[in-house]
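Notes follow once the structure below has been shown.
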Amino acid sequence: SQKIEQNSEALNIQEGKTATLTCNYTNYSPAYLQWYRQDPGRGPVFLLLIRENEKEKRKERLKVTFDTTLKQSLFHITASQPADSATYLCALGYSSASKIIFGSGTRLSIRP
Amino acid sequence: GAVVSQHPSRVICKSGTSVKIECRSLDFQATTMFWYRQFPKQSLMLMATSNEGSKATYEQGVEKDKFLINHASLTLSTLTVTSAHPEDSSFYICSGTFSYNEQFFGPGTRLTVL
């Protein structure tokens, strides 16, 4: 079965620095990969989607890369702010069905 | 973006009772809705996928007779936890989609079974 690993349980970053989160998967590559933000006691909020034939996607201060050879996606937040503190989830989707599989998440803390 | 609501946001019940959770897509028609369960400090685990007007597809290990899902319309899906027990206490989250890309999540329902 597919296994998804996100780099660490928690990541502490100084405000203004770039935060980089990792998502690795085993077995078969997904048709697309998504990143979500989740705040405590809330549902996830969609951030970015990147397809298997795309190398990089950007949205404001966010950047996602997708390397199907390494079976890895990197999620970057540049000029990080304390408001970026949250848990970030990666999720893999397959074209045969609309369901997605979530990774365990990385809790990001941005200190002032 | 598209909005999904859930009701109730919190529920506390006694062991053995049944609890119904509603999931509504407010400004779009959700051809597919998903139900997830999330335990503390863990990720979302997909419980079932439901399409309007048809039976839900349950993930392995999820008891369909215990977690009843009804997707009566393109904007409403309900999850009923039957004969709830303390181990069913969790954060239940639904999502809706109208494409195979982005899912729109509800705010979640915190269920506590005493």
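Just so we're on the same page: first chain in the structure tokens is A, next is B, and so on; residues restart at 1 for each chain, and ligands are numbered from 1 in the order they show up.
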
### Query
Hey, what's within 6 Å of His71 (chain B) if we count only C-alpha atoms and toss same-chain stuff fewer than 2 positions away? As a PyMOL selection string, please?
chain B and resi 52+73+77

Contact check, region 6-65 of chain A to region 93-99 of chain B, at most 9 Å, counting only C-alpha atoms, closest pairs as a Markdown table:
| residue | atom | partner | partner_atom | distance |
| --- | --- | --- | --- | --- |
| A:Arg42 | CA | B:Ile93 | CA | 8.8 |
| A:Gly43 | CA | B:Ile93 | CA | 6.5 |
| A:Pro44 | CA | B:Ile93 | CA | 9.0 |

Just-selected residues, C-alpha atoms written as a compact mmCIF listing (two decimals), in the first residue's frame:
# COMPACT_ATOMS: atom_id res chain seq x y z
CA ARG A 42 -10.27 23.05 12.05
CA GLY A 43 -10.61 21.32 8.72
CA PRO A 44 -7.79 21.46 6.16

### Message
Only residues of chain A matter here; which ones have an atom within 8 Å of chain B, counting only C-alpha atoms? Give them as a VMD selection string.
### Response
chain A and resid 41 to 46 49 89 93 95 97 to 99 101 to 105

Prev. selection, N, CA, C and O atoms, output as a compact mmCIF listing (two decimals), in the first residue's frame:
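Result file follows (part.txt):
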# COMPACT_ATOMS: atom_id res chain seq x y z
N GLY A 41 -8.11 22.13 15.52
CA GLY A 41 -9.56 22.07 15.65
C GLY A 41 -10.32 22.52 14.41
O GLY A 41 -11.53 22.77 14.49
N ARG A 42 -9.63 22.60 13.29
CA ARG A 42 -10.27 23.05 12.05
C ARG A 42 -10.03 22.05 10.93
O ARG A 42 -9.15 21.20 11.01
N GLY A 43 -10.82 22.16 9.88
CA GLY A 43 -10.61 21.32 8.72
C GLY A 43 -9.47 21.85 7.87
O GLY A 43 -9.11 23.02 7.97
N PRO A 44 -8.89 21.02 7.03
CA PRO A 44 -7.79 21.46 6.16
C PRO A 44 -8.25 22.49 5.13
O PRO A 44 -9.40 22.47 4.70
N VAL A 45 -7.33 23.35 4.75
CA VAL A 45 -7.59 24.35 3.71
C VAL A 45 -6.62 24.12 2.56
O VAL A 45 -5.41 24.03 2.78
N PHE A 46 -7.16 24.02 1.37
CA PHE A 46 -6.36 23.75 0.18
C PHE A 46 -5.41 24.92 -0.11
O PHE A 46 -5.80 26.09 -0.03
N LEU A 49 -1.92 22.67 -5.78
CA LEU A 49 -1.95 21.37 -6.43
C LEU A 49 -0.87 21.36 -7.51
O LEU A 49 -0.71 22.35 -8.24
N LEU A 89 -0.20 19.55 5.50
CA LEU A 89 -0.43 18.18 5.06
C LEU A 89 -0.21 18.05 3.57
O LEU A 89 -0.67 18.90 2.80
N GLY A 93 -3.15 12.21 -5.00
CA GLY A 93 -4.37 11.88 -5.70
C GLY A 93 -4.06 11.07 -6.96
O GLY A 93 -3.00 11.23 -7.57
N SER A 95 -5.68 9.48 -10.68
CA SER A 95 -6.69 9.84 -11.68
C SER A 95 -7.85 8.85 -11.73
O SER A 95 -8.91 9.16 -12.24
N ALA A 97 -9.56 7.72 -9.35
CA ALA A 97 -10.60 8.03 -8.36
C ALA A 97 -10.32 9.43 -7.81
O ALA A 97 -9.21 9.92 -7.89
N SER A 98 -11.33 10.04 -7.27
CA SER A 98 -11.11 11.40 -6.78
C SER A 98 -10.61 11.42 -5.34
O SER A 98 -10.30 12.48 -4.82
N LYS A 99 -10.53 10.27 -4.69
CA LYS A 99 -10.09 10.31 -3.30
C LYS A 99 -8.60 10.59 -3.22
O LYS A 99 -7.84 10.32 -4.15
N ILE A 101 -5.02 10.62 -0.51
CA ILE A 101 -4.43 10.00 0.68
C ILE A 101 -3.53 11.02 1.35
O ILE A 101 -2.63 11.59 0.70
N PHE A 102 -3.74 11.25 2.63
CA PHE A 102 -3.00 12.28 3.35
C PHE A 102 -1.75 11.72 4.02
O PHE A 102 -1.71 10.59 4.50
N GLY A 103 -0.73 12.57 4.07
CA GLY A 103 0.44 12.29 4.88
C GLY A 103 0.14 12.64 6.33
O GLY A 103 -0.94 13.14 6.65
N SER A 104 1.11 12.40 7.19
CA SER A 104 0.89 12.59 8.63
C SER A 104 0.97 14.05 9.05
O SER A 104 0.54 14.40 10.13
N GLY A 105 1.52 14.89 8.18
CA GLY A 105 1.56 16.32 8.49
C GLY A 105 2.84 16.75 9.18
O GLY A 105 3.50 15.95 9.86

### Message
What parts of chain B does DSSP call strand (DSSP E)? I'd like the answer as a count of residues only.
### Response
59

### Query
If we count only C-alpha atoms, what is near Val19 (chain B) at a cut-off of 12 Å, once residues fewer than 2 positions away on the same chain are taken out, given as number ranges by chain?
B: 7-8, 10-17, 21-22, 66-69, 78-85, 88-89, 92, 109-113

### Query
CA of Gly61 (chain B) and CA of Ile100 (chain A), how far apart in Å?
17.2 Å

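Relative to CA of Thr78 (chain A), CA of Gln38 (chain A) is found at 18.4 Å.
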
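In this model, the gap between CA of Gln72 (chain A) and CA of Glu59 (chain B) comes to 25.4 Å.
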